[in-house]
Every structure is written in structure tokens, then in C-alpha cells.
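Colleague: Contents of run.cif (mmCIF, C-alpha atoms) are below:
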data_run
#
loop_
_atom_site.label_atom_id
_atom_site.label_comp_id
_atom_site.auth_asym_id
_atom_site.auth_seq_id
_atom_site.Cartn_x
_atom_site.Cartn_y
_atom_site.Cartn_z
CA MET O 1 -42.00 50.45 -28.59
CA SER O 2 -42.08 47.25 -26.67
CA THR O 3 -39.13 44.93 -26.54
CA ALA O 4 -39.68 41.30 -27.30
CA THR O 5 -37.64 40.05 -24.40
CA SER O 6 -36.28 41.54 -21.24
CA LEU O 7 -35.07 40.44 -17.89
CA LYS O 8 -38.39 41.09 -16.19
CA LYS O 9 -40.25 39.20 -18.86
CA ASP O 10 -37.87 36.26 -18.59
CA GLU O 11 -38.31 36.26 -14.84
CA PHE O 12 -42.08 36.29 -15.23
CA LEU O 13 -41.86 33.34 -17.60
CA ASP O 14 -39.56 31.46 -15.24
CA GLN O 15 -41.94 31.89 -12.36
CA VAL O 16 -44.94 30.86 -14.42
CA ALA O 17 -42.99 27.84 -15.60
CA ALA O 18 -42.35 26.90 -11.99
CA GLY O 19 -46.08 27.00 -11.34
CA LEU O 20 -46.67 24.64 -14.23
CA ASN O 21 -44.02 22.10 -13.44
CA ASP O 22 -46.53 19.28 -13.31
CA LEU O 23 -47.16 19.61 -17.01
CA SER O 24 -45.14 17.68 -19.52
CA GLU O 25 -42.23 19.54 -21.07
CA GLU O 26 -44.03 19.79 -24.38
CA ASP O 27 -47.24 21.15 -22.89
CA ARG O 28 -45.42 23.62 -20.71
CA ASP O 29 -43.30 24.83 -23.61
CA GLU O 30 -46.43 25.51 -25.66
CA VAL O 31 -47.99 27.58 -22.90
CA LEU O 32 -44.77 29.51 -22.39
CA GLU O 33 -44.44 30.17 -26.10
CA ASP O 34 -47.90 31.71 -26.16
CA LEU O 35 -47.10 33.72 -23.08
CA ARG O 36 -43.79 34.90 -24.51
CA ALA O 37 -45.53 36.18 -27.60
CA HIS O 38 -48.15 37.79 -25.36
CA LEU O 39 -45.46 39.54 -23.30
CA ALA O 40 -43.77 40.74 -26.46
CA GLU O 41 -46.78 42.94 -27.14
CA MET O 42 -46.33 44.97 -23.98
CA ASP O 43 -43.67 46.95 -22.22
CA GLU O 44 -41.93 45.74 -19.09
CA ASP O 45 -43.80 48.07 -16.79
CA GLU O 46 -47.14 46.95 -18.16
CA ILE O 47 -46.61 43.37 -17.06
CA GLU O 48 -47.96 43.84 -13.55
CA THR O 49 -51.01 45.83 -14.65
CA ASN O 50 -51.90 43.53 -17.48
CA LEU O 51 -51.04 40.17 -16.02
CA GLY O 52 -50.68 40.63 -12.28
CA THR O 53 -48.18 38.59 -10.38
CA PRO O 54 -46.86 35.32 -11.74
CA GLU O 55 -48.63 33.49 -8.95
CA SER O 56 -52.01 35.03 -9.68
CA PHE O 57 -51.50 34.43 -13.39
CA VAL O 58 -50.73 30.79 -12.72
CA SER O 59 -53.75 30.21 -10.50
CA GLU O 60 -56.12 31.95 -12.92
CA PHE O 61 -54.64 30.05 -15.81
CA ARG O 62 -54.87 26.72 -14.04
CA ALA O 63 -58.48 27.34 -13.13
CA SER O 64 -59.57 28.20 -16.67
CA ALA O 65 -57.43 25.46 -18.17
CA GLY O 66 -59.08 22.86 -16.01
CA LEU O 67 -55.85 21.93 -14.23
CA ASP O 68 -55.57 20.84 -10.66
CA THR O 69 -55.76 24.06 -8.69
CA ARG O 70 -53.83 22.55 -5.82
CA GLU O 71 -50.41 24.11 -5.59
CA PRO O 72 -47.99 21.78 -7.33
CA ARG O 73 -45.73 20.27 -4.74
CA ARG O 74 -42.93 22.74 -4.40
CA GLN O 75 -39.62 20.97 -4.33
CA ARG O 76 -37.10 22.53 -2.10
CA GLY O 77 -33.44 22.11 -1.73
CA ARG O 78 -30.46 22.19 -4.01
CA LEU O 79 -31.91 19.70 -6.46
CA ALA O 80 -34.99 21.84 -7.07
CA ARG O 81 -32.95 25.00 -7.47
CA LEU O 82 -30.60 23.24 -9.86
CA ARG O 83 -33.51 21.99 -11.89
CA LYS O 84 -35.05 25.43 -12.07
CA GLN O 85 -31.77 26.93 -13.20
CA LEU O 86 -31.25 24.23 -15.81
CA GLU O 87 -34.74 24.68 -17.16
CA ALA O 88 -34.27 28.44 -17.28
CA VAL O 89 -31.06 27.97 -19.25
CA ASP O 90 -32.79 25.48 -21.49
CA ARG O 91 -35.52 28.04 -22.18
CA ARG O 92 -33.03 30.80 -22.98
CA LEU O 93 -31.20 28.49 -25.39
CA ALA O 94 -34.47 27.40 -26.92
CA GLU O 95 -35.51 30.98 -27.50
CA ALA O 96 -32.13 32.00 -28.84
CA THR O 97 -31.95 29.15 -31.28
CA GLN O 98 -35.65 28.79 -32.03
CA TRP O 99 -35.45 25.18 -30.91
CA HIS O 100 -39.18 24.97 -30.52
CA THR O 101 -39.48 25.15 -34.26
CA ILE O 102 -36.98 22.36 -34.78
CA ARG O 103 -38.13 20.41 -31.77
CA PRO O 104 -38.58 17.10 -33.63
CA ILE O 105 -35.03 17.40 -34.98
CA TRP O 106 -33.69 18.40 -31.56
CA VAL O 107 -34.73 15.06 -30.13
CA TRP O 108 -32.65 13.32 -32.82
CA ILE O 109 -29.72 15.64 -32.21
CA ARG O 110 -29.92 14.72 -28.54
CA GLY O 111 -29.76 11.04 -29.44
CA TRP O 112 -26.80 11.68 -31.71
CA LEU O 113 -25.03 13.63 -28.97
CA LEU O 114 -25.54 10.82 -26.50
CA VAL O 115 -24.09 8.13 -28.74
CA SER O 116 -21.30 10.38 -30.00
CA ALA O 117 -20.29 11.14 -26.45
CA VAL O 118 -19.95 7.43 -25.77
CA ALA O 119 -17.86 7.05 -28.92
CA VAL O 120 -15.62 10.02 -28.16
CA LEU O 121 -14.98 8.81 -24.65
CA THR O 122 -14.32 5.18 -25.44
CA GLN O 123 -13.04 4.91 -28.99
CA PRO O 124 -9.62 5.83 -30.38
CA VAL O 125 -11.35 6.67 -33.65
CA PRO O 126 -14.74 8.11 -32.70
CA PHE O 127 -15.85 9.09 -36.20
CA GLU O 128 -14.70 6.91 -39.04
CA ARG O 129 -17.32 8.48 -41.24
CA PHE O 130 -18.27 11.79 -39.74
CA PRO O 131 -21.02 12.51 -38.75
CA LEU O 132 -21.72 8.88 -37.99
CA PRO O 133 -20.11 7.82 -34.72
CA SER O 134 -18.37 4.47 -34.84
CA ILE O 135 -17.80 1.89 -32.17
CA ASN O 136 -15.23 -0.79 -32.88
CA GLY O 137 -15.08 0.43 -36.44
CA GLN O 138 -18.81 -0.08 -36.98
CA TRP O 139 -21.27 2.72 -37.65
CA ILE O 140 -24.37 0.55 -38.00
CA GLY O 141 -24.44 -0.29 -34.30
CA PRO O 142 -24.18 3.32 -33.20
CA LEU O 143 -26.89 4.28 -35.69
CA PHE O 144 -29.30 1.87 -34.01
CA MET O 145 -28.21 3.27 -30.69
CA ILE O 146 -29.06 6.77 -31.90
CA VAL O 147 -32.53 5.63 -32.89
CA ALA O 148 -32.98 3.92 -29.51
CA ALA O 149 -31.70 6.98 -27.66
CA THR O 150 -34.09 9.19 -29.61
CA TRP O 151 -37.09 7.03 -28.76
CA PHE O 152 -36.01 6.90 -25.15
CA SER O 153 -35.69 10.66 -25.13
CA LEU O 154 -39.18 11.02 -26.57
CA TRP O 155 -40.50 8.65 -23.95
CA LEU O 156 -38.90 10.75 -21.25
CA ASP O 157 -40.57 13.87 -22.63
CA ARG O 158 -43.99 12.37 -22.26
CA SER O 159 -43.50 11.06 -18.79
CA GLU O 160 -43.64 13.11 -15.65
CA MET O 161 -40.63 11.55 -14.03
CA ASN O 162 -38.95 14.78 -13.17
CA GLY O 163 -35.87 13.11 -11.79
CA ALA O 164 -35.14 11.26 -15.00
CA ARG O 165 -35.82 14.35 -17.10
CA LEU O 166 -33.36 16.25 -15.00
CA VAL O 167 -30.70 13.60 -15.56
CA SER O 168 -31.26 13.57 -19.30
CA LEU O 169 -31.28 17.36 -19.38
CA VAL O 170 -28.01 17.57 -17.49
CA PHE O 171 -26.44 14.87 -19.61
CA SER O 172 -27.42 16.32 -22.96
CA THR O 173 -26.32 19.81 -21.88
CA ALA O 174 -22.99 18.49 -20.63
CA THR O 175 -22.51 16.40 -23.73
CA ALA O 176 -23.30 19.31 -26.03
CA LEU O 177 -20.85 21.52 -24.17
CA PHE O 178 -18.20 18.80 -24.22
CA ILE O 179 -18.46 18.19 -27.93
CA LEU O 180 -18.59 21.91 -28.70
CA GLY O 181 -15.60 22.46 -26.44
CA SER O 182 -13.46 19.79 -28.04
CA MET O 183 -14.34 21.05 -31.49
CA LEU O 184 -13.25 24.53 -30.51
CA VAL O 185 -10.02 23.25 -28.99
CA GLY O 186 -9.45 21.28 -32.16
CA THR O 187 -8.92 17.76 -30.98
CA THR O 188 -8.47 14.94 -33.41
CA LEU O 189 -12.05 13.78 -33.59
CA THR O 190 -11.87 12.71 -37.20
CA ARG O 191 -8.26 11.82 -37.66
CA PRO O 192 -7.22 8.37 -36.55
CA GLY O 193 -5.79 8.65 -33.13
CA TYR O 194 -2.41 7.19 -32.60
CA SER O 195 0.05 7.90 -29.93
CA VAL O 196 3.58 8.57 -31.03
CA ALA O 197 6.04 7.08 -28.65
CA VAL O 198 8.64 9.77 -28.45
CA ASP O 199 11.36 7.69 -26.96
CA TYR O 200 14.60 8.88 -28.43
CA PRO O 201 17.00 6.01 -28.09
CA SER O 202 19.92 7.15 -26.07
CA HIS O 203 21.56 3.80 -25.73
CA PHE O 204 20.97 1.84 -28.85
CA ASP O 205 24.37 0.36 -28.70
CA ALA O 206 25.82 -0.93 -31.91
CA LEU O 207 28.93 -2.44 -30.42
CA THR O 208 28.95 -4.00 -27.01
CA GLY O 209 31.53 -5.69 -24.90
CA PRO O 210 31.16 -9.11 -23.28
CA ASP O 211 29.23 -7.69 -20.35
CA GLY O 212 26.94 -5.59 -22.54
CA GLU O 213 28.83 -2.39 -21.93
CA PRO O 214 28.72 -0.08 -24.98
CA ILE O 215 31.78 0.39 -27.13
CA TYR O 216 31.66 3.74 -28.89
CA ASN O 217 35.28 4.21 -29.82
CA ILE O 218 38.32 2.08 -30.47
CA TYR O 219 41.89 3.28 -29.84
CA PRO O 220 44.32 1.18 -31.87
CA PHE O 221 48.02 1.05 -30.99
CA ASP O 222 50.81 -0.73 -32.64
CA LEU O 223 52.96 -3.07 -30.70
CA GLU O 224 55.46 -0.34 -29.95
CA GLY O 225 52.74 1.56 -28.18
CA ASN O 226 52.21 4.14 -30.90
CA PRO O 227 48.65 5.20 -31.62
CA VAL O 228 47.64 4.34 -35.16
CA GLU O 229 44.67 4.99 -37.36
CA VAL O 230 43.05 1.85 -38.69
CA LEU O 231 40.06 0.74 -40.74
CA LEU O 232 38.23 -2.12 -39.08
CA PHE O 233 36.20 -4.84 -40.78
CA ASP O 234 34.38 -7.79 -39.29
CA GLN O 235 34.51 -11.51 -40.22
CA ASP O 236 32.09 -10.91 -43.11
CA GLY O 237 34.00 -7.97 -44.47
CA ARG O 238 31.55 -5.40 -43.21
CA PRO O 239 32.91 -2.19 -41.71
CA VAL O 240 32.81 -2.30 -37.95
CA GLN O 241 30.47 0.44 -36.84
CA SER O 242 30.50 1.36 -33.18
CA MET O 243 27.72 3.95 -33.27
CA SER O 244 23.94 3.63 -33.60
CA SER O 245 22.70 4.05 -37.15
CA TRP O 246 20.94 7.30 -36.36
CA VAL O 247 24.28 8.87 -35.49
CA TYR O 248 25.49 8.21 -39.03
CA ASP O 249 22.16 9.47 -40.39
CA GLU O 250 22.55 12.69 -38.48
CA ALA O 251 26.15 13.08 -39.62
CA ASN O 252 25.02 12.47 -43.18
CA PHE O 253 22.44 15.25 -42.98
CA GLY O 254 25.23 17.64 -42.37
CA ASN O 255 25.30 17.79 -38.58
CA ASP O 256 28.98 17.46 -38.14
CA PRO O 257 29.87 16.73 -35.42
CA ALA O 258 26.81 14.64 -34.67
CA TYR O 259 25.42 13.73 -31.29
CA TYR O 260 26.02 10.32 -29.80
CA ALA O 261 25.44 8.91 -26.34
CA ASP O 262 28.46 10.46 -24.68
CA GLY O 263 28.75 13.70 -26.63
CA LEU O 264 29.70 14.56 -30.17
CA VAL O 265 31.51 12.61 -32.85
CA SER O 266 33.08 13.74 -36.08
CA PHE O 267 33.71 11.37 -38.97
CA ARG O 268 36.28 11.57 -41.70
CA ARG O 269 34.92 11.55 -45.21
CA ASP O 270 36.23 9.97 -48.39
CA ALA O 271 36.91 11.74 -51.65
CA ASN O 272 33.21 11.65 -52.57
CA GLY O 273 32.13 13.08 -49.27
CA TRP O 274 30.78 9.84 -47.85
CA LEU O 275 31.36 9.09 -44.20
CA ILE O 276 34.14 6.71 -43.34
CA THR O 277 32.41 4.96 -40.46
CA ASN O 278 35.06 2.41 -39.56
CA LEU O 279 38.15 4.58 -39.25
CA TYR O 280 39.32 4.40 -35.66
CA PRO O 281 39.90 6.09 -33.39
CA LEU O 282 36.85 8.32 -34.03
CA GLU O 283 37.19 11.98 -33.21
CA THR O 284 34.96 12.49 -30.22
CA PHE O 285 34.10 15.48 -28.09
CA ASP O 286 32.18 16.05 -24.92
CA VAL O 287 28.88 17.99 -25.07
CA SER O 288 30.65 21.31 -24.68
CA GLY O 289 32.90 20.57 -27.63
CA ARG O 290 36.13 19.63 -25.87
CA PRO O 291 37.91 16.77 -27.59
CA LEU O 292 37.83 13.52 -25.71
CA SER O 293 41.31 12.17 -25.29
CA SER O 294 42.08 8.51 -25.21
CA PRO O 295 41.70 7.06 -21.79
CA GLY O 296 44.64 5.80 -19.85
CA LEU O 297 45.77 2.70 -21.55
CA ALA O 298 47.38 -0.33 -20.08
CA LEU O 299 49.61 -1.59 -22.78
CA PRO O 300 50.73 -5.13 -22.36
CA GLN O 301 54.27 -5.51 -21.08
CA LEU O 302 56.16 -6.97 -23.94
CA GLU O 303 58.54 -9.69 -22.78
CA ASP O 304 61.51 -8.66 -24.86
CA GLY O 305 60.41 -6.16 -27.49
CA ALA O 306 58.44 -6.62 -30.70
CA THR O 307 60.17 -9.81 -31.71
CA SER O 308 58.61 -11.98 -29.07
CA ASN O 309 55.19 -10.65 -30.01
CA ALA O 310 55.73 -11.27 -33.67
CA ASN O 311 56.59 -14.84 -32.74
CA ALA O 312 53.35 -15.08 -30.83
CA LEU O 313 51.42 -13.97 -33.90
CA GLU O 314 53.15 -16.44 -36.18
CA ASP O 315 52.01 -19.28 -33.98
CA ASP O 316 48.42 -18.36 -34.62
CA ASP O 317 47.88 -19.71 -38.14
CA SER O 318 44.27 -18.72 -38.57
CA LEU O 319 44.99 -15.12 -37.72
CA GLU O 320 47.80 -14.97 -40.25
CA GLY O 321 45.64 -16.52 -42.91
CA ASP O 322 42.90 -13.95 -42.28
CA LEU O 323 45.25 -11.05 -42.48
CA ALA O 324 46.70 -12.29 -45.73
CA SER O 325 43.34 -12.83 -47.51
CA ASN O 326 41.61 -9.63 -46.42
CA PRO O 327 42.02 -7.26 -49.34
CA ASN O 328 40.96 -4.33 -47.22
CA ALA O 329 43.47 -4.89 -44.50
CA PRO O 330 45.80 -2.00 -44.11
CA ASN O 331 49.12 -2.66 -45.56
CA MET M 1 -75.17 39.02 -10.19
CA ASP M 2 -71.42 39.08 -10.49
CA SER M 3 -70.53 39.49 -14.15
CA THR M 4 -67.13 37.95 -13.54
CA GLN M 5 -68.73 34.75 -12.38
CA LEU M 6 -71.07 34.77 -15.33
CA LEU M 7 -68.22 35.32 -17.71
CA LYS M 8 -66.39 32.35 -16.31
CA GLY M 9 -69.32 30.19 -17.20
CA VAL M 10 -69.55 31.32 -20.78
CA LEU M 11 -65.98 32.19 -21.66
CA ASP M 12 -65.68 29.01 -23.71
CA THR M 13 -68.58 30.08 -25.87
CA ALA M 14 -67.30 33.64 -26.12
CA VAL M 15 -63.90 32.43 -27.29
CA LEU M 16 -65.43 30.03 -29.81
CA ALA M 17 -67.69 32.75 -31.12
CA ALA M 18 -64.84 35.21 -31.55
CA LEU M 19 -62.65 32.66 -33.31
CA ASP M 20 -65.56 31.68 -35.49
CA ARG M 21 -65.57 35.22 -36.85
CA ARG M 22 -61.85 35.13 -37.55
CA SER M 23 -58.75 33.27 -36.44
CA THR M 24 -56.41 35.23 -34.26
CA TYR M 25 -53.68 35.07 -31.64
CA GLY M 26 -54.01 35.30 -27.88
CA TYR M 27 -53.21 38.94 -27.34
CA ASP M 28 -55.61 40.04 -30.05
CA LEU M 29 -58.36 37.75 -28.74
CA VAL M 30 -58.13 39.31 -25.28
CA ARG M 31 -58.35 42.73 -26.89
CA GLN M 32 -61.39 41.69 -28.92
CA LEU M 33 -63.24 40.33 -25.91
CA ARG M 34 -62.50 43.44 -23.92
CA ALA M 35 -63.56 45.65 -26.82
CA ALA M 36 -66.77 43.68 -27.14
CA GLY M 37 -67.59 44.65 -23.57
CA PHE M 38 -65.96 42.09 -21.30
CA GLU M 39 -63.59 44.51 -19.65
CA GLY M 40 -62.86 42.27 -16.70
CA VAL M 41 -61.63 39.26 -18.66
CA GLY M 42 -58.16 38.23 -17.54
CA ASP M 43 -55.40 37.29 -19.96
CA ALA M 44 -54.71 34.15 -17.95
CA SER M 45 -58.34 33.08 -18.25
CA VAL M 46 -58.31 33.50 -22.02
CA TYR M 47 -55.09 31.53 -22.40
CA GLY M 48 -56.31 28.83 -20.07
CA THR M 49 -59.52 28.56 -22.04
CA LEU M 50 -57.62 28.45 -25.32
CA ARG M 51 -55.47 25.63 -23.99
CA ARG M 52 -58.42 23.65 -22.77
CA LEU M 53 -60.40 24.08 -25.96
CA PHE M 54 -57.37 23.22 -28.10
CA ASN M 55 -56.58 20.10 -26.10
CA GLY M 56 -60.24 19.18 -26.34
CA GLY M 57 -59.93 19.21 -30.11
CA TYR M 58 -62.14 22.19 -30.91
CA LEU M 59 -59.47 24.51 -32.24
CA THR M 60 -56.78 24.64 -34.84
CA SER M 61 -53.46 26.39 -34.40
CA GLU M 62 -50.96 27.75 -36.84
CA ILE M 63 -47.68 29.44 -36.18
CA VAL M 64 -47.24 32.56 -38.24
CA PRO M 65 -43.88 34.29 -38.20
CA SER M 66 -43.95 37.96 -37.32
CA GLU M 67 -41.49 40.70 -38.17
CA GLU M 68 -42.06 42.58 -34.95
CA GLY M 69 -41.13 39.81 -32.59
CA PRO M 70 -41.56 36.12 -31.86
CA ALA M 71 -43.81 34.08 -34.10
CA ARG M 72 -47.47 34.20 -33.17
CA LYS M 73 -49.70 31.21 -32.76
CA TYR M 74 -53.01 31.84 -34.52
CA TYR M 75 -55.96 29.91 -33.14
CA GLY M 76 -58.92 29.03 -35.28
CA ILE M 77 -62.06 26.99 -34.99
CA ASN M 78 -62.52 23.59 -36.60
CA GLY M 79 -65.50 21.37 -37.32
CA ALA M 80 -65.83 20.06 -33.81
CA GLY M 81 -65.53 23.60 -32.51
CA THR M 82 -68.28 24.84 -34.80
CA ASP M 83 -70.56 22.03 -33.62
CA MET M 84 -69.78 22.88 -30.02
CA LEU M 85 -70.51 26.53 -30.74
CA GLN M 86 -73.88 25.60 -32.26
CA THR M 87 -74.80 23.56 -29.20
CA SER M 88 -73.63 26.31 -26.89
CA ARG M 89 -75.61 28.91 -28.83
CA LYS M 90 -78.75 26.79 -28.43
CA THR M 91 -78.09 26.29 -24.74
CA TRP M 92 -77.47 30.00 -24.33
CA ASP M 93 -80.63 30.92 -26.16
CA GLU M 94 -82.71 28.58 -24.06
CA PHE M 95 -81.05 29.69 -20.86
CA THR M 96 -81.40 33.39 -21.53
CA SER M 97 -84.99 33.07 -22.68
CA VAL M 98 -85.82 31.31 -19.43
CA MET M 99 -83.97 33.98 -17.47
CA ASN M 100 -85.56 36.77 -19.47
CA SER M 101 -89.04 35.45 -18.95
CA LEU M 102 -88.35 35.04 -15.25
CA LEU M 103 -86.99 38.56 -14.99
CA ASP M 104 -89.77 40.08 -17.15
CA GLY M 105 -92.36 38.18 -15.26
CA GLY M 106 -90.96 39.59 -12.00
CA GLU M 107 -91.06 43.18 -13.30
CA GLU M 108 -94.62 42.85 -14.43
CA GLU M 109 -95.74 41.91 -11.01
#
Once more with this new file: its structure as C-alpha cells, please.
Modeller:
Amino acid sequence: MSTATSLKKDEFLDQVAAGLNDLSEEDRDEVLEDLRAHLAEMDEDEIETNLGTPESFVSEFRASAGLDTREPRRQRGRLARLRKQLEAVDRRLAEATQWHTIRPIWVWIRGWLLVSAVAVLTQPVPFERFPLPSINGQWIGPLFMIVAATWFSLWLDRSEMNGARLVSLVFSTATALFILGSMLVGTTLTRPGYSVAVDYPSHFDALTGPDGEPIYNIYPFDLEGNPVEVLLFDQDGRPVQSMSSWVYDEANFGNDPAYYADGLVSFRRDANGWLITNLYPLETFDVSGRPLSSPGLALPQLEDGATSNANALEDDDSLEGDLASNPNAPN
Amino acid sequence: MDSTQLLKGVLDTAVLAALDRRSTYGYDLVRQLRAAGFEGVGDASVYGTLRRLFNGGYLTSEIVPSEEGPARKYYGINGAGTDMLQTSRKTWDEFTSVMNSLLDGGEEE
């Protein structure tokens, strides 16, 4: 039983192909297809007896086919070897996928691959309507480009500009591999591409001092120098919040204590469980959980006790008025 | 007279004649020609001739899938091919009758 393909048969075909490299791709493919079917009828070891060497086959074929019997100019060097390898690969693929039967469609697929490659490489959204590639949100333009690329590809097939055919062969192979590869890896070819800026704000300071330095905590003291707990409100009656809003969000989700710029903070809650955001001082901890104590404080030297200070406050009418009218002021 | 050289001259006609009887694929055509008596005919020559005749517009081709292996390309003869075959047959008849009379004439003497 003869095998349809084998290494020796492929080698024979490759060498015959080399001897016919002056033919157009289409012509050469037809000859090779016939020869492949011919080889399929015999065993590997019959090749030499039936057909002779590839060189003798080529010269006999060329003579009876009316082709120039002069040896086609053998191209040497890396470029020629590369081309031979590429064409051998192309033939294997063609045989494996029966491309010769879908040859007319293959030329269109090549055009599509070319334009899609451009779209994938340059557009954030390469396929707005898969399988149509889009450029600048338009798919009509790329469609015309596909048609143009297909015609150009057909034109290349008919010409005998081997250099250009090599380029197009390399490009379409590379493009096919690239697109196949990215599909396997699962990139976002069809989903709109957007880059998420993961820039977790570490210093989104809610309360800042005159020089822009952040104020995270407030340590109230009475005039005798005793630390007190106070609720703070601003000039519009809003609670004074020293932390970024996401700190309160995190605390609300149940992360208590929640992270803030310098460590952890724990909030007191009211009877309904809501955070009391403006009760100072806030309970703060460093990142390892040790409570942060109030920093060294420089309390103002009172001239002669509380009395003199109380006098100072009385002189300031606006302050007194504010204190009296604020219903939320601690009593 | 070298039969190989002779064959080269008339292979076109031989191929056309064989295909006129029935369409077939390359491998089978080689077998037919050899079975008919042309033992020395080379596969490459047959394929080269097929290509030349096909490109010249004298043959038809049809790909027929095969279960045993790759699809086979069946070659057949078309109108132009039949005309060419007719002309060739006439030429051959004339040529061989001249040759025969020359040869017979020689033997007689």
C-alpha cells in the first residue's frame, strides 16, 4: 500500500519546484498538484525507478512542456534559501488545508489579513463589527482596502517578480501567525480597548493646612490643657472631615479600622451604626496596629489662668455670636 | 531509428488519441501508453505534454476527489483537441504512407 505523502516525496516535490521557479505560482502549483497525485500512486522506493532524479525529471518535463531548457538562474545565498524554505512551508500548509481548492478565497483571506493587521496594530478598537476591520471607527474604508489588497495580491501572483512575492509571502504568513497567536492568547480584539489608570490616590487630602500639608487628625484641648472630644462643623454647618472620601467608604463597607495615608483609622458610630466622621480626635493606628498617640503639643502659656483667656474670647464678638447660634455646638 | 526520438515527435498525437478514447489522469495515461507498447515513455514527458496541450487549449481538466489519496485531475479532449487530432491523424497517415512506400520500394530492389 502506497502512502499519499512522505518525506521523500515531499523532498522530491520541493526539488522539482525549485527547478520550476520561473513559472508563476499558479502554474507551478498546478504542476506540483499533478505530480503529488502521481507520487501518491507509488511507494517511496519506487520514486527513483519511476521518475529518476528530480533534476532529470525537471529537464525532461521542461523539454516536453516547451519551456526554456536553460537552467533557471539558481539564486544563492540566504535570501534564496529563505525563499525555498518559505515556499516549502507554504506547500505543506496548502496540502494540509487543501488551499488549492479554495485558492480564489485564499486571495481574499490574504487581503483581509493584511488590512486587519493594520487595524490591530494601529487602532484601539480594531473590530467594531467583527469580522470587518475598522479604522477610525469606519469599516467602509477598510473594506475598500481589502478589495485593493486582494487585487494587488492577484497581480503579484501573475507577475514573476520573485522579490515582491517573497515579501508578500512573508508578510501574509507573519500576519496570519500574529492574528492566530493573539486569538489564542485571548487579547481584546473585539472589546473596546481602554486603559484603566490604576492610580490609587494615596494623598487625596481632604483637609490641608496653609502650606498644603495634610491634616488627618485634630487633637482638641480645653484651655486647662485637658484633651477633649469634640464634634467639628464648618462655617456652613457641614461636618469637618479630615480624611479622603474613600476612607469613609472603606470604613462603611465594614473595614474597621480602615486604611488612610498614614496607617489605620477607626471611627465611632452613632446609634444607627452610621460613622461619626467629625468626632475628633480620631482613633488612629500605624500600619502594624499600634495606636498613634497625640504628638507633643505646645500649649499656649496662659498669662494668668483661664480668666484672662475667657476675657480674650469675650472681646471677639463674631466668635461669640457663632458659638451661640450653632445648634450643633457642644454644650 | 531511435524509437525514443520518434516518440518525442508524436507524443502529442498519442496523448490526444488516448484521451479521445477516454478521459483519465496522468498516472493512468502513462500506464496506458506503456501498455499500448511505448515502454520507454517517461512520466515527465507525459506530464510536460499534458501541460503544453492544456495550455494550448486542446484539453479539458476536471478535479475528481479520490478516497485513496489526493484528488486526481482528469484530463479530457475538447473540440479544438479533436480537430488537432484529426489533422495529426491525416499528417501521420500521409507521413507513414510516404515512409512505407520508401521502405517497401527499398526492399523490392
Colleague: For chain O, which residues have at least one atom within 6 Å of chain M, if we go by only C-alpha atoms? Write them as a list in words, please.
Modeller: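 Within 6 Å of chain M on chain O, we get Ala4, Ala37, His38, Phe57, Glu60, Phe61, Ser64 and Ala65 of chain O.
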Colleague: To test your reading of the syntax: which residues would the PyMOL selection byres ((chain O and resi 225-242) around 8) return for the file shown? Reply as a PyMOL selection string.
Modeller: chain O and resi 205-207+215-217+219-224+243-244+277-281+299+329-330
Colleague: Expressed in Å to a single decimal, how great is the separation between CA of Gly212 in chain O and CA of Ala251 in chain O?
Modeller: 25.3 Å
Colleague: One decimal, in Å: what's the spacing between CA of Ala18 in chain M and CA of Thr87 in chain M?
Modeller: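 CA of Ala18 in chain M sits 15.5 Å away from CA of Thr87 in chain M.
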Colleague: Under the rule that all atoms listed in the file are counted, which of O:Ala17, O:Ala63, O:Ala40, O:Leu23 is the nearest residue to Glu67 in chain M?
Modeller: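 Of the candidates, the smallest distance to Glu67 in chain M is held by O:Ala40.
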